[in-house]
Structures are given as structure tokens and as C-alpha cells.
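**Student:** Shown below is the structure under consideration.
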Amino acid sequence: MSNVTERDRDCLQEHQGDCEGVTEYRESLSGTGAFIPRCDKHWDEALDRDEALRYRYPHNAPSDFDPAYAGESWDGE
């Protein structure tokens, strides 16, 4: 028997009124290890946002990054 009630499983973005699909606990994309209840639609949207952010702010420097250009470094050193 689970301790999770139906209310606990409401999608985080249910207030928008456009949830679709099954609501499940899904791991946070920020790396905190938390699990967040999201419906299928809002999970897909979160994945798309995460992909766009990772593209815009990559972990590694782009191939054309030149630290001499502005006297900056990519890794904060």
C-alpha cells in the first residue's frame, strides 16, 4: 500500500488547466535528486526547456571560444 494520495500526485503545473496524460513523479532536471509530479505534457515541455538551456549555456566551451578575445575563461579560473 502506498502513502501517496491522489492529491499528492497532482501535476506541479495543474493550475494552468492544460494537463494531459499520466501524472508521475519524475526526477528533477536540475540535479537536486528531488522527484516532482508532472503530467506527460508538462514533462515533455520541461525536457524541451532543459535541452534549450543546455544548448544555450553548455557545460564545456564551444569550439570557437577564444579566451584571449575578452580576457575571460570558460571555467571561471
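Residues in the C-alpha cells are numbered from 1 in each chain, the chains being A, B, ... in the order shown, and ligands are numbered from 1 in the order shown.
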Need the shell around A:Glu45: protein/DNA/RNA residues with any atom at most 12 Å away, counting only C-alpha atoms. Skip same-chain ones fewer than 6 positions apart. Format as a PyMOL selection string?

**Tutor:** chain A and resi 13+19-20+29+38-39+51-52

**Student:** Please give the complete set of residues from chain A that DSSP, run on the backbone, assigns to strand (DSSP E or B), formatted as a count of residues only.

**Tutor:** 8

**Student:** From a DSSP pass on the backbone, collect the residues of chain A flagged as alpha helix (DSSP H) and hand them back as a PyMOL selection string.

**Tutor:** chain A and resi 40-56+67-70

**Student:** Please measure the separation of atom CA of A:Glu27 and atom CA of A:Arg54, giving the value in Å to one decimal.

**Tutor:**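 Taking atom CA of A:Glu27 and atom CA of A:Arg54, their separation equals 16.9 Å.
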
**Student:** Can you measure atom CA of A:His42 to atom CA of A:Asp18 for me? One decimal in Å is fine.

**Tutor:** 8.8 Å

**Student:** With only C-alpha atoms as the basis for distance, which of A:Leu12, A:Val22, A:Ala46, A:Ala61 is at the shortest distance from A:Asp75?

**Tutor:** A:Ala61

**Student:** Figure out the distance between atom CA of A:Pro58 and atom CA of A:Ser73, please, to one decimal in Å.

**Tutor:**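 Separation of atom CA of A:Ser73 and atom CA of A:Pro58: 13.8 Å.
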